[in-house]
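This report concerns only the one structure given below.
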Amino acid sequence: MSPVVVAAGGRFFCQCRSMTTKIMARGATLDSALRKFRSICGEDGVSVGAAVREQHGKDESVHRCRPPDVVVFPRCVEEVSALAKVCHSQRLPIIPFGTGTGLEGGVGAVKGGVCFSLRNMDQILDLHQEDFDVTVEPGVTRKTLNAYLRDTGLWFPVDPGADASLCGMAACSASGTNAVRYGTMRENVINLEVILADGTIIHTAGQARRARKTSAGYNLTNLFVGSEGTLGIITKATLRLYAVPEATLSAVCSFPTVQAAVDSTVHILQAGVDVARIEFLDDVMMDACNRFSSLSYPVTPTLFLEFHGSERSLLEQVKTAEELTRMNGGSDFQWASDAEKRNRLWKARHDAWYAAQALRPGCKAYSTDVCVPISQLPQLIVETKADLIENKLTGPIAGHVGDGNFHCLMVLDATHPEEVHQVHLFCQRLARRALAMNGTCTGEHGVGLGKRALLCEEMGAASIQAMQHIKDALDPKNIMNPGKVLLPRES
Ligand SMILES: Cc1cc2nc3c(=O)[nH]c(=O)nc-3n(C[C@H](O)[C@H](O)[C@H](O)COP(=O)(O)OP(=O)(O)OC[C@H]3O[C@@H](n4cnc5c(N)ncnc54)[C@H](O)[C@@H]3O)c2cc1C
């Protein structure tokens, strides 16, 4: 039914007519763009199929908007640049897509437009073993890279759990379980190749530069790390690599309270113990894990630890950690060095996402994250648990406690609008509590669609304005992933 026919005359008619004109103009723009896209990356490299658009218009979050109008699959940087030039000349939004594991709605097409799926650019380039670096294209995932590195004695440690694309991880400033020792994407990206909104190709540290450190000019690399596709499309990332540790040792320990678990974490870090992972699971999460994996851990706050180093140093480290946990009331300290037993100890942590989901069969897990100075963590977790109970929400807690970062794995019926709304309100309260404790509304998942208003509260008006100036300078037509990170300006 045409809206023009519905109401003749009056304001509604005018609005509908102008809307129809806009839609027709947009259709003509898209048709002409599609012809150009096909001439750049071939018939197979362009899809307008509903299923393909649907699949590329959503991530693992509960944030939903519309799918893109078209998905393109470029094969090389020249194609990405040529496609971007077409979008730029026709003012079509560009939404970069890695593997779609994001958790804040980053790939939704708020204004429709063109999704750039980068999966066909999947080459691992320029491995420099002696320099501990490698350059990857945007279709390479972290597991693929680590499988490729297996025989070199090197590895890339940033591990967000999901098998995300490394350039998507750079775009989100991702981290995960190993960050306490190896840092986040911010500390591990050396250089990026980026296509700007108008198709210009830049290298954030200069072409082919791989120096471990630099004080040359503005830090463009870290401007693009965490920019969530709103400033450009990352088409290459040069990453730091690390030596695979000589030995690895894992441990699990239960605590009477959250405070005792966090105090142990602080004492372990203060003692200079080289802990590579230190993960916290609350009692609800432990209960879920026990049920899901038929385990029998005590249903109390629990720490999962991993130590990397030489055989000798590890035994000393574990001894120190065990003593410190005991001093804080920890019990059932179990440790293991052989791979099979280690994996068994860590099983609960690795399966946390699925265990949480199994608490309510047929429901979806949605993970929200905050990060605070570590001394604030116990109070924040205690207040969060009280909020969950008061509002009858299911949200087991798992956290990268060594960084003061934790996730609430909200288990919800995403088809139930009132429940989705309640979870949304809870996530906002959680983020505001973190802000009140001098923390951040997101330690690693990013802002996307879900946390734009919270970002304003976190940064303040002047800093948001500075961000907006940067966005305007690099993307004056606002075509790069519009509607993400920064709230739309009032017209
Ligand atoms: C079970 C599970 C557990 C998770 N645990 C963690 C965790 O512990 N820590 C953590 O940090 N994250 C975690 N995540 C979130 C997710 O894996 C990360 O956010 C990851 O960085 C997203 O990468 P992706 O390739 O899937 O990006 P996508 O979801 O495809 O995209 C995410 C955002 O990045 C942009 N983008 C993607 N690729 C590019 C590119 N080449 N150039 C420019 N912009 C781009 C997109 O436009 C979008 O805004 C988890 C996710 C799941 C499903």
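In the structure tokens, chains take the letters A, B, ... in the order shown, each chain's residues start at 1, and ligands count up from 1 in the order shown.
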Item to complete: Would you list the residues that come within 6 Å of ligand 1? Count only C-alpha atoms and all ligand atoms and give the answer as a PyMOL selection string.
Response: chain A and resi 59-60+95-103+106-107+138+160-162+164-165+167-169+171-172+174-176+228-229+232-235+353+444-445
For the residues in the current selection, export N, CA and C atoms as a JSON list (two decimals), in the first residue's frame.
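This is the output file out05.json:
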```
[["chain", "number", "residue", "atom", "x", "y", "z"],
["A", 59, "ASP", "N", 24.44, -8.94, 15.99],
["A", 59, "ASP", "CA", 25.57, -9.59, 16.66],
["A", 59, "ASP", "C", 25.04, -10.48, 17.78],
["A", 60, "GLU", "N", 25.85, -10.74, 18.79],
["A", 60, "GLU", "CA", 25.44, -11.64, 19.88],
["A", 60, "GLU", "C", 24.71, -10.91, 20.99],
["A", 95, "ILE", "N", 29.09, -0.21, 7.10],
["A", 95, "ILE", "CA", 29.18, -0.89, 8.40],
["A", 95, "ILE", "C", 30.16, -2.04, 8.27],
["A", 96, "PRO", "N", 31.36, -1.92, 8.87],
["A", 96, "PRO", "CA", 32.32, -3.03, 8.81],
["A", 96, "PRO", "C", 31.81, -4.21, 9.65],
["A", 97, "PHE", "N", 32.08, -5.43, 9.16],
["A", 97, "PHE", "CA", 31.63, -6.65, 9.85],
["A", 97, "PHE", "C", 32.79, -7.62, 9.95],
["A", 98, "GLY", "N", 33.11, -8.05, 11.19],
["A", 98, "GLY", "CA", 34.19, -9.02, 11.39],
["A", 98, "GLY", "C", 33.62, -10.42, 11.45],
["A", 99, "THR", "N", 33.30, -10.87, 12.70],
["A", 99, "THR", "CA", 32.65, -12.18, 12.83],
["A", 99, "THR", "C", 31.29, -12.09, 13.52],
["A", 100, "GLY", "N", 30.88, -10.88, 13.89],
["A", 100, "GLY", "CA", 29.54, -10.70, 14.48],
["A", 100, "GLY", "C", 29.42, -11.20, 15.91],
["A", 101, "THR", "N", 30.55, -11.31, 16.64],
["A", 101, "THR", "CA", 30.46, -11.77, 18.03],
["A", 101, "THR", "C", 30.35, -10.60, 19.02],
["A", 102, "GLY", "N", 30.26, -9.39, 18.52],
["A", 102, "GLY", "CA", 30.17, -8.21, 19.38],
["A", 102, "GLY", "C", 28.96, -8.27, 20.31],
["A", 103, "LEU", "N", 29.02, -7.51, 21.40],
["A", 103, "LEU", "CA", 27.98, -7.60, 22.42],
["A", 103, "LEU", "C", 27.26, -6.27, 22.68],
["A", 106, "GLY", "N", 27.03, -3.38, 17.61],
["A", 106, "GLY", "CA", 27.88, -2.58, 16.73],
["A", 106, "GLY", "C", 27.64, -2.76, 15.24],
["A", 107, "VAL", "N", 27.11, -3.93, 14.82],
["A", 107, "VAL", "CA", 26.97, -4.17, 13.38],
["A", 107, "VAL", "C", 25.55, -3.91, 12.85],
["A", 138, "PRO", "N", 41.75, -8.66, 7.83],
["A", 138, "PRO", "CA", 40.63, -8.59, 8.78],
["A", 138, "PRO", "C", 39.78, -9.85, 8.88],
["A", 160, "PRO", "N", 39.22, -13.03, 23.88],
["A", 160, "PRO", "CA", 37.89, -12.64, 24.37],
["A", 160, "PRO", "C", 36.91, -13.81, 24.50],
["A", 161, "GLY", "N", 37.39, -15.01, 24.47],
["A", 161, "GLY", "CA", 36.48, -16.16, 24.60],
["A", 161, "GLY", "C", 35.96, -16.56, 23.24],
["A", 162, "ALA", "N", 35.23, -15.68, 22.57],
["A", 162, "ALA", "CA", 34.72, -15.99, 21.23],
["A", 162, "ALA", "C", 35.87, -16.01, 20.23],
["A", 164, "ALA", "N", 36.77, -14.37, 17.67],
["A", 164, "ALA", "CA", 36.50, -13.13, 16.94],
["A", 164, "ALA", "C", 37.61, -12.84, 15.94],
["A", 165, "SER", "N", 37.30, -11.96, 14.97],
["A", 165, "SER", "CA", 38.35, -11.51, 14.04],
["A", 165, "SER", "C", 39.28, -10.57, 14.79],
["A", 167, "CYS", "N", 40.90, -7.99, 13.66],
["A", 167, "CYS", "CA", 40.65, -6.56, 13.37],
["A", 167, "CYS", "C", 39.37, -6.10, 14.05],
["A", 168, "GLY", "N", 38.37, -7.00, 14.18],
["A", 168, "GLY", "CA", 37.17, -6.67, 14.96],
["A", 168, "GLY", "C", 37.54, -6.46, 16.42],
["A", 169, "MET", "N", 38.47, -7.28, 16.91],
["A", 169, "MET", "CA", 38.93, -7.10, 18.30],
["A", 169, "MET", "C", 39.64, -5.76, 18.46],
["A", 171, "ALA", "N", 38.99, -3.15, 16.63],
["A", 171, "ALA", "CA", 37.92, -2.14, 16.51],
["A", 171, "ALA", "C", 37.17, -1.96, 17.82],
["A", 172, "CYS", "N", 37.07, -3.03, 18.63],
["A", 172, "CYS", "CA", 36.32, -2.97, 19.90],
["A", 172, "CYS", "C", 37.23, -2.76, 21.10],
["A", 174, "ALA", "N", 39.12, -5.02, 22.39],
["A", 174, "ALA", "CA", 38.76, -6.20, 23.18],
["A", 174, "ALA", "C", 39.89, -6.62, 24.11],
["A", 175, "SER", "N", 39.54, -7.43, 25.09],
["A", 175, "SER", "CA", 40.60, -8.06, 25.89],
["A", 175, "SER", "C", 40.14, -9.44, 26.33],
["A", 176, "GLY", "N", 40.00, -9.70, 27.63],
["A", 176, "GLY", "CA", 39.58, -11.03, 28.05],
["A", 176, "GLY", "C", 40.46, -11.56, 29.16],
["A", 228, "GLU", "N", 35.28, 1.21, 16.81],
["A", 228, "GLU", "CA", 34.07, 0.44, 16.47],
["A", 228, "GLU", "C", 33.54, 0.73, 15.06],
["A", 229, "GLY", "N", 34.44, 0.89, 14.11],
["A", 229, "GLY", "CA", 34.02, 1.08, 12.72],
["A", 229, "GLY", "C", 33.45, 2.46, 12.44],
["A", 232, "GLY", "N", 36.78, 4.37, 10.40],
["A", 232, "GLY", "CA", 37.38, 3.78, 9.21],
["A", 232, "GLY", "C", 37.27, 2.26, 9.26],
["A", 233, "ILE", "N", 37.69, 1.63, 8.16],
["A", 233, "ILE", "CA", 37.65, 0.16, 8.07],
["A", 233, "ILE", "C", 39.08, -0.35, 8.22],
["A", 234, "ILE", "N", 39.30, -1.20, 9.21],
["A", 234, "ILE", "CA", 40.65, -1.74, 9.43],
["A", 234, "ILE", "C", 40.87, -2.90, 8.46],
["A", 235, "THR", "N", 41.88, -2.78, 7.61],
["A", 235, "THR", "CA", 42.11, -3.83, 6.61],
["A", 235, "THR", "C", 43.41, -4.61, 6.87],
["A", 353, "TRP", "N", 29.46, -19.32, 29.74],
["A", 353, "TRP", "CA", 28.42, -18.73, 28.89],
["A", 353, "TRP", "C", 27.27, -19.73, 28.68],
["A", 444, "GLU", "N", 35.56, -3.69, 28.05],
["A", 444, "GLU", "CA", 36.07, -4.39, 26.86],
["A", 444, "GLU", "C", 35.04, -4.65, 25.78],
["A", 445, "HIS", "N", 33.75, -4.50, 26.04],
["A", 445, "HIS", "CA", 32.77, -4.81, 24.99],
["A", 445, "HIS", "C", 32.51, -3.63, 24.06]]
```
Worksheet item: Taking the backbone alone, and naming residues the way the document does, which bits of segment 29-85 of chain A are strand (DSSP E) by DSSP, as a list of chain:residue names?
Response: A:Val46, A:Ser47, A:Val70, A:Val71, A:Val72
Mind writing the picked residues with C-alpha atoms as a compact mmCIF listing (two decimals), in the first residue's frame?
```txt
# COMPACT_ATOMS: atom_id res chain seq x y z
CA VAL A 46 27.66 -8.55 -3.58
CA SER A 47 24.52 -9.87 -1.89
CA VAL A 70 23.40 -4.87 0.81
CA VAL A 71 26.42 -6.92 1.93
CA VAL A 72 29.70 -6.72 0.01
```
Worksheet entry | Best match for closeness to Val372 of chain A among A:Pro396, A:Gly404, A:Gly450, A:Gly105, counting only C-alpha atoms | A:Gly404
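Nearest to Leu145 of chain A of all the residues A:Gln123, A:Asn343, A:Thr200, A:Asn481 is A:Gln123, based on only C-alpha atoms.
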Any idea what's packed within 12 Å of segment 73-82 of chain A, counting only C-alpha atoms, ignoring anything in its chain fewer than 5 positions away? Could you give it as a compact mmCIF listing (two decimals) with N, CA and C atoms, in the first residue's frame?
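Listing of selection.txt after writing:
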```txt
# COMPACT_ATOMS: atom_id res chain seq x y z
N ALA A 33 24.57 2.17 -7.18
CA ALA A 33 25.71 1.70 -6.37
C ALA A 33 25.94 0.21 -6.58
N LYS A 36 27.95 -0.57 -9.52
CA LYS A 36 29.38 -0.26 -9.31
C LYS A 36 30.03 -1.31 -8.39
N PHE A 37 29.31 -1.69 -7.33
CA PHE A 37 29.86 -2.70 -6.41
C PHE A 37 30.20 -3.98 -7.18
N ARG A 38 29.25 -4.39 -8.08
CA ARG A 38 29.48 -5.66 -8.82
C ARG A 38 30.67 -5.53 -9.76
N SER A 39 30.85 -4.31 -10.30
CA SER A 39 32.00 -4.17 -11.21
C SER A 39 33.30 -4.18 -10.40
N ILE A 40 33.25 -3.87 -9.11
CA ILE A 40 34.47 -3.87 -8.27
C ILE A 40 34.77 -5.28 -7.74
N CYS A 41 33.75 -5.94 -7.14
CA CYS A 41 34.09 -7.25 -6.53
C CYS A 41 33.30 -8.42 -7.10
N GLY A 42 32.75 -8.23 -8.31
CA GLY A 42 32.12 -9.36 -9.00
C GLY A 42 30.73 -9.66 -8.45
N GLU A 43 29.97 -10.48 -9.23
CA GLU A 43 28.60 -10.84 -8.83
C GLU A 43 28.60 -11.53 -7.46
N ASP A 44 29.59 -12.44 -7.26
CA ASP A 44 29.62 -13.21 -6.00
C ASP A 44 29.97 -12.36 -4.79
N GLY A 45 30.55 -11.20 -5.05
CA GLY A 45 31.00 -10.35 -3.95
C GLY A 45 29.96 -9.36 -3.46
N VAL A 46 28.72 -9.49 -3.97
CA VAL A 46 27.66 -8.55 -3.58
C VAL A 46 26.39 -9.36 -3.31
N SER A 47 25.77 -9.14 -2.16
CA SER A 47 24.52 -9.87 -1.89
C SER A 47 23.44 -8.95 -1.37
N VAL A 48 22.23 -9.12 -1.93
CA VAL A 48 21.07 -8.39 -1.39
C VAL A 48 20.05 -9.40 -0.85
N VAL A 52 21.16 -13.24 3.99
CA VAL A 52 22.54 -12.74 4.16
C VAL A 52 22.51 -11.39 4.86
N HIS A 56 24.01 -10.46 8.70
CA HIS A 56 25.04 -9.43 8.89
C HIS A 56 24.52 -8.20 9.62
N CYS A 87 30.46 4.48 -1.89
CA CYS A 87 29.57 4.82 -0.76
C CYS A 87 29.71 6.30 -0.43
N HIS A 88 30.94 6.78 -0.46
CA HIS A 88 31.18 8.18 -0.10
C HIS A 88 30.49 9.11 -1.09
N SER A 89 30.63 8.80 -2.38
CA SER A 89 30.05 9.72 -3.37
C SER A 89 28.53 9.67 -3.30
N ILE A 94 28.42 2.89 5.69
CA ILE A 94 29.33 1.73 5.63
C ILE A 94 29.37 1.10 7.02
N ILE A 95 29.09 -0.21 7.10
CA ILE A 95 29.18 -0.89 8.40
C ILE A 95 30.16 -2.04 8.27
N PRO A 96 31.36 -1.92 8.87
CA PRO A 96 32.32 -3.03 8.81
C PRO A 96 31.81 -4.21 9.65
N PHE A 97 32.08 -5.43 9.16
CA PHE A 97 31.63 -6.65 9.85
C PHE A 97 32.79 -7.62 9.95
N GLY A 98 33.11 -8.05 11.19
CA GLY A 98 34.19 -9.02 11.39
C GLY A 98 33.62 -10.42 11.45
N VAL A 114 25.52 -0.20 3.59
CA VAL A 114 26.32 -1.28 3.02
C VAL A 114 27.18 -1.93 4.10
N CYS A 115 26.95 -3.22 4.32
CA CYS A 115 27.80 -3.96 5.27
C CYS A 115 29.02 -4.47 4.51
N PHE A 116 30.20 -4.14 5.03
CA PHE A 116 31.45 -4.66 4.45
C PHE A 116 31.85 -5.91 5.24
N SER A 117 31.52 -7.09 4.72
CA SER A 117 31.98 -8.31 5.37
C SER A 117 33.40 -8.58 4.90
N LEU A 118 34.32 -8.72 5.86
CA LEU A 118 35.74 -8.77 5.51
C LEU A 118 36.30 -10.19 5.55
N ARG A 119 35.37 -11.17 5.58
CA ARG A 119 35.81 -12.56 5.80
C ARG A 119 36.68 -13.11 4.68
N ASN A 120 36.54 -12.58 3.44
CA ASN A 120 37.36 -13.10 2.33
C ASN A 120 38.80 -12.59 2.37
N MET A 121 39.06 -11.64 3.22
CA MET A 121 40.45 -11.13 3.35
C MET A 121 41.04 -11.84 4.56
N ASP A 122 41.55 -13.06 4.32
CA ASP A 122 41.87 -13.92 5.46
C ASP A 122 43.32 -14.40 5.45
N GLN A 123 44.21 -13.57 4.95
CA GLN A 123 45.61 -13.97 4.87
C GLN A 123 46.41 -13.52 6.10
N GLU A 137 45.21 -9.90 7.90
CA GLU A 137 44.07 -9.27 7.24
C GLU A 137 42.83 -9.40 8.15
N PRO A 138 41.75 -8.66 7.83
CA PRO A 138 40.63 -8.59 8.78
C PRO A 138 39.78 -9.85 8.88
N GLY A 139 39.97 -10.83 7.96
CA GLY A 139 39.18 -12.05 8.09
C GLY A 139 39.84 -13.09 8.97
N GLU A 193 46.31 -0.74 9.07
CA GLU A 193 45.99 -0.15 7.77
C GLU A 193 44.49 0.13 7.82
N VAL A 194 44.12 1.36 7.49
CA VAL A 194 42.71 1.76 7.63
C VAL A 194 42.24 2.46 6.35
N ILE A 195 41.03 2.13 5.93
CA ILE A 195 40.40 2.83 4.82
C ILE A 195 39.46 3.87 5.43
N LEU A 196 39.70 5.12 5.10
CA LEU A 196 38.83 6.18 5.63
C LEU A 196 37.53 6.24 4.83
N ALA A 197 36.60 7.05 5.30
CA ALA A 197 35.27 7.11 4.69
C ALA A 197 35.32 7.44 3.21
N ASP A 198 36.30 8.26 2.78
CA ASP A 198 36.36 8.64 1.36
C ASP A 198 37.22 7.69 0.54
N GLY A 199 37.63 6.58 1.13
CA GLY A 199 38.40 5.57 0.39
C GLY A 199 39.90 5.72 0.52
N THR A 200 40.36 6.79 1.19
CA THR A 200 41.81 6.98 1.38
C THR A 200 42.38 5.84 2.24
N ILE A 201 43.57 5.36 1.84
CA ILE A 201 44.23 4.30 2.63
C ILE A 201 45.30 4.95 3.51
N ILE A 202 45.24 4.70 4.83
CA ILE A 202 46.30 5.22 5.71
C ILE A 202 46.91 4.08 6.54
N GLY A 232 36.78 4.37 10.40
CA GLY A 232 37.38 3.78 9.21
C GLY A 232 37.27 2.26 9.26
N ILE A 233 37.69 1.63 8.16
CA ILE A 233 37.65 0.16 8.07
C ILE A 233 39.08 -0.35 8.22
N ILE A 234 39.30 -1.20 9.21
CA ILE A 234 40.65 -1.74 9.43
C ILE A 234 40.87 -2.90 8.46
N THR A 235 41.88 -2.78 7.61
CA THR A 235 42.11 -3.83 6.61
C THR A 235 43.41 -4.61 6.87
N LYS A 236 44.19 -4.15 7.82
CA LYS A 236 45.37 -4.93 8.27
C LYS A 236 45.69 -4.52 9.69
```
Fill in: Counting only C-alpha atoms, the option among A:Leu231, A:Phe307, A:Thr265, A:Ala260 closest to Leu486 of chain A
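Nearest candidate to Leu486 of chain A out of A:Leu231, A:Phe307, A:Thr265, A:Ala260: A:Leu231.
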Item to complete: Determine, counting only C-alpha atoms, which protein, DNA and RNA residues have an atom within 9 Å of an atom of Val189 of chain A; residues of the same chain fewer than 5 positions away are not included. Present the result as a list in words.
Response: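 Once the adjacent positions are removed, what remains is Ala170, Thr184, Thr221, Asn222, Val225, Ala237, Thr238, Leu239 and Arg240 of chain A.
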Practice prompt. For segment 463-471 of chain A, work out the shell of residues within 12 Å, counting only C-alpha atoms and skipping chain neighbours fewer than 2 positions away, then give it as a VMD selection string.
Written response: chain A and resid 196 to 197 220 223 to 224 227 to 232 452 to 461 473 to 489
What would the file look like if the residues just selected were written as a PDB file, in the first residue's frame with C-alpha atoms?
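Wrote it out as part.pdb, contents follow:
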```pdb
ATOM      1  CA  LEU A 196      38.832   6.179   5.635  1.00  0.00           C
ATOM      2  CA  ALA A 197      35.272   7.107   4.692  1.00  0.00           C
ATOM      3  CA  LEU A 220      46.651   7.313  15.425  1.00  0.00           C
ATOM      4  CA  LEU A 223      42.580   6.398  17.943  1.00  0.00           C
ATOM      5  CA  PHE A 224      41.347   3.579  15.697  1.00  0.00           C
ATOM      6  CA  SER A 227      36.598   3.209  17.298  1.00  0.00           C
ATOM      7  CA  GLU A 228      34.066   0.444  16.470  1.00  0.00           C
ATOM      8  CA  GLY A 229      34.020   1.084  12.723  1.00  0.00           C
ATOM      9  CA  THR A 230      32.952   4.722  13.152  1.00  0.00           C
ATOM     10  CA  LEU A 231      36.212   6.244  11.857  1.00  0.00           C
ATOM     11  CA  GLY A 232      37.381   3.779   9.210  1.00  0.00           C
ATOM     12  CA  ARG A 452      25.967   5.761  23.921  1.00  0.00           C
ATOM     13  CA  ALA A 453      24.143   7.745  26.610  1.00  0.00           C
ATOM     14  CA  LEU A 454      26.358   6.217  29.293  1.00  0.00           C
ATOM     15  CA  LEU A 455      29.452   7.269  27.341  1.00  0.00           C
ATOM     16  CA  CYS A 456      28.227  10.888  27.561  1.00  0.00           C
ATOM     17  CA  GLU A 457      27.893  10.541  31.341  1.00  0.00           C
ATOM     18  CA  GLU A 458      31.326   8.955  31.584  1.00  0.00           C
ATOM     19  CA  MET A 459      33.189  11.462  29.412  1.00  0.00           C
ATOM     20  CA  GLY A 460      31.352  14.739  30.065  1.00  0.00           C
ATOM     21  CA  ALA A 461      30.211  17.251  27.434  1.00  0.00           C
ATOM     22  CA  ALA A 473      37.155  15.658  10.623  1.00  0.00           C
ATOM     23  CA  LEU A 474      37.607  12.040   9.487  1.00  0.00           C
ATOM     24  CA  ASP A 475      34.046  11.359   8.358  1.00  0.00           C
ATOM     25  CA  PRO A 476      32.332  14.676   7.529  1.00  0.00           C
ATOM     26  CA  LYS A 477      29.417  12.938   5.753  1.00  0.00           C
ATOM     27  CA  ASN A 478      28.813  10.658   8.771  1.00  0.00           C
ATOM     28  CA  ILE A 479      28.754   7.469   6.698  1.00  0.00           C
ATOM     29  CA  MET A 480      31.074   5.320   8.857  1.00  0.00           C
ATOM     30  CA  ASN A 481      28.862   3.088  11.023  1.00  0.00           C
ATOM     31  CA  PRO A 482      26.484   5.985  11.771  1.00  0.00           C
ATOM     32  CA  GLY A 483      24.540   5.971  15.026  1.00  0.00           C
ATOM     33  CA  LYS A 484      27.197   4.010  16.954  1.00  0.00           C
ATOM     34  CA  VAL A 485      29.342   5.195  19.884  1.00  0.00           C
ATOM     35  CA  LEU A 486      28.264   8.866  19.647  1.00  0.00           C
ATOM     36  CA  LEU A 487      24.599   9.790  20.004  1.00  0.00           C
ATOM     37  CA  PRO A 488      23.121  11.434  16.896  1.00  0.00           C
ATOM     38  CA  ARG A 489      23.193  15.230  17.136  1.00  0.00           C
TER      39      ARG A 489
END
```
Shell around Leu30 of chain A at 9 Å using only C-alpha atoms, local window under 5 positions removed, as an mmCIF file with N, CA and C atoms, in the first residue's frame:
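Saved to out_35.cif:
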```
data_model
loop_
_atom_site.group_PDB
_atom_site.id
_atom_site.type_symbol
_atom_site.label_atom_id
_atom_site.label_comp_id
_atom_site.auth_asym_id
_atom_site.auth_seq_id
_atom_site.Cartn_x
_atom_site.Cartn_y
_atom_site.Cartn_z
ATOM 1 N N ALA A 25 14.293 7.778 -4.289
ATOM 2 C CA ALA A 25 15.638 8.298 -4.570
ATOM 3 C C ALA A 25 16.684 7.344 -4.011
ATOM 4 N N ARG A 35 25.418 -1.639 -9.163
ATOM 5 C CA ARG A 35 26.132 -1.897 -10.433
ATOM 6 C C ARG A 35 27.632 -1.667 -10.238
ATOM 7 N N ASP A 69 21.203 -2.787 3.624
ATOM 8 C CA ASP A 69 20.517 -2.977 2.336
ATOM 9 C C ASP A 69 21.269 -3.945 1.450
ATOM 10 N N VAL A 70 22.575 -4.003 1.660
ATOM 11 C CA VAL A 70 23.404 -4.865 0.813
ATOM 12 C C VAL A 70 24.647 -5.281 1.603
ATOM 13 N N GLN A 90 27.949 8.545 -2.864
ATOM 14 C CA GLN A 90 26.486 8.438 -2.821
ATOM 15 C C GLN A 90 25.929 8.518 -1.396
ATOM 16 N N LEU A 92 26.237 6.632 1.182
ATOM 17 C CA LEU A 92 25.678 5.382 1.708
ATOM 18 C C LEU A 92 26.443 4.970 2.967
ATOM 19 N N GLY A 113 22.168 0.802 4.541
ATOM 20 C CA GLY A 113 23.494 1.021 3.963
ATOM 21 C C GLY A 113 24.188 -0.272 3.609
#
```
Worksheet entry | All residues 12 Å or closer to Pro361 of chain A, only C-alpha atoms, same chain fewer than 5 positions away omitted, as a list in words | Phe292, Tyr354, Ala355, Ala356, Val411, Leu412 and Asp413 of chain A
Could you write out the selected residues, including N, CA and C atoms, as a short mmCIF file (atom, residue, chain, number, x, y, z; two decimals), in the first residue's frame?
```
data_model
loop_
_atom_site.label_atom_id
_atom_site.label_comp_id
_atom_site.auth_asym_id
_atom_site.auth_seq_id
_atom_site.Cartn_x
_atom_site.Cartn_y
_atom_site.Cartn_z
N PHE A 292 25.78 -27.65 34.82
CA PHE A 292 25.99 -27.80 33.38
C PHE A 292 27.05 -28.86 33.07
N TYR A 354 27.65 -20.98 28.35
CA TYR A 354 26.63 -22.01 28.07
C TYR A 354 25.94 -22.44 29.37
N ALA A 355 26.73 -22.47 30.45
CA ALA A 355 26.14 -22.86 31.74
C ALA A 355 25.10 -21.82 32.16
N ALA A 356 25.40 -20.55 31.95
CA ALA A 356 24.44 -19.48 32.31
C ALA A 356 23.18 -19.65 31.48
N VAL A 411 20.45 -13.69 31.63
CA VAL A 411 19.75 -14.74 30.89
C VAL A 411 18.30 -14.28 30.76
N LEU A 412 17.87 -14.07 29.52
CA LEU A 412 16.55 -13.46 29.36
C LEU A 412 15.80 -14.04 28.17
N ASP A 413 14.49 -13.86 28.23
CA ASP A 413 13.63 -14.22 27.11
C ASP A 413 13.58 -12.99 26.20
#
```
Worksheet item: Which residue out of A:Ala431, A:Leu324, A:Ala462, A:Ala358 has the minimum interatomic distance to Ala288 of chain A when only C-alpha atoms are used?
Response: A:Ala358
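The residues of segment 154-229 of chain A that DSSP classifies as helix (DSSP H, G or I), using the backbone of this structure, are Leu166, Cys167, Gly168, Met169, Ala170, Ala171, Cys172, Ala179, Val180, Arg181, Tyr182, Met185, Arg186, Glu187, Asn188, Leu220, Thr221, Asn222, Leu223 and Phe224 of chain A.
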Limited to C-alpha atoms, could you put the picked residues into a file as a compact mmCIF listing (two decimals), in the first residue's frame?
```
# COMPACT_ATOMS: atom_id res chain seq x y z
CA LEU A 166 41.55 -9.81 15.17
CA CYS A 167 40.65 -6.56 13.37
CA GLY A 168 37.17 -6.67 14.96
CA MET A 169 38.93 -7.10 18.30
CA ALA A 170 41.08 -4.06 17.51
CA ALA A 171 37.92 -2.14 16.51
CA CYS A 172 36.32 -2.97 19.90
CA ALA A 179 44.79 -9.10 29.89
CA VAL A 180 46.08 -8.99 33.47
CA ARG A 181 49.48 -10.17 32.20
CA TYR A 182 49.59 -9.43 28.45
CA MET A 185 44.28 -4.88 22.17
CA ARG A 186 45.39 -1.32 22.98
CA GLU A 187 48.77 -2.58 24.19
CA ASN A 188 49.14 -5.21 21.46
CA LEU A 220 46.65 7.31 15.42
CA THR A 221 46.83 3.60 16.15
CA ASN A 222 45.07 3.98 19.47
CA LEU A 223 42.58 6.40 17.94
CA PHE A 224 41.35 3.58 15.70
```
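The two atoms in question, atom CA of Asn146 of chain A and atom CA of Glu246 of chain A, are spaced 16.4 Å apart.
The two atoms in question, atom CA of Val244 of chain A and atom CA of Leu305 of chain A, are spaced 17.4 Å apart.
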Response to the item:
Between A:Gly183, A:Gly402, A:Lys213, A:Leu241, smallest distance to Gln129 of chain A by only C-alpha atoms belongs to A:Leu241
Worksheet item: Interatomic distance between atom CA of Asp282 of chain A and atom CA of Leu430 of chain A?
Response: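 Computing it gives 16.2 Å between the two atoms.
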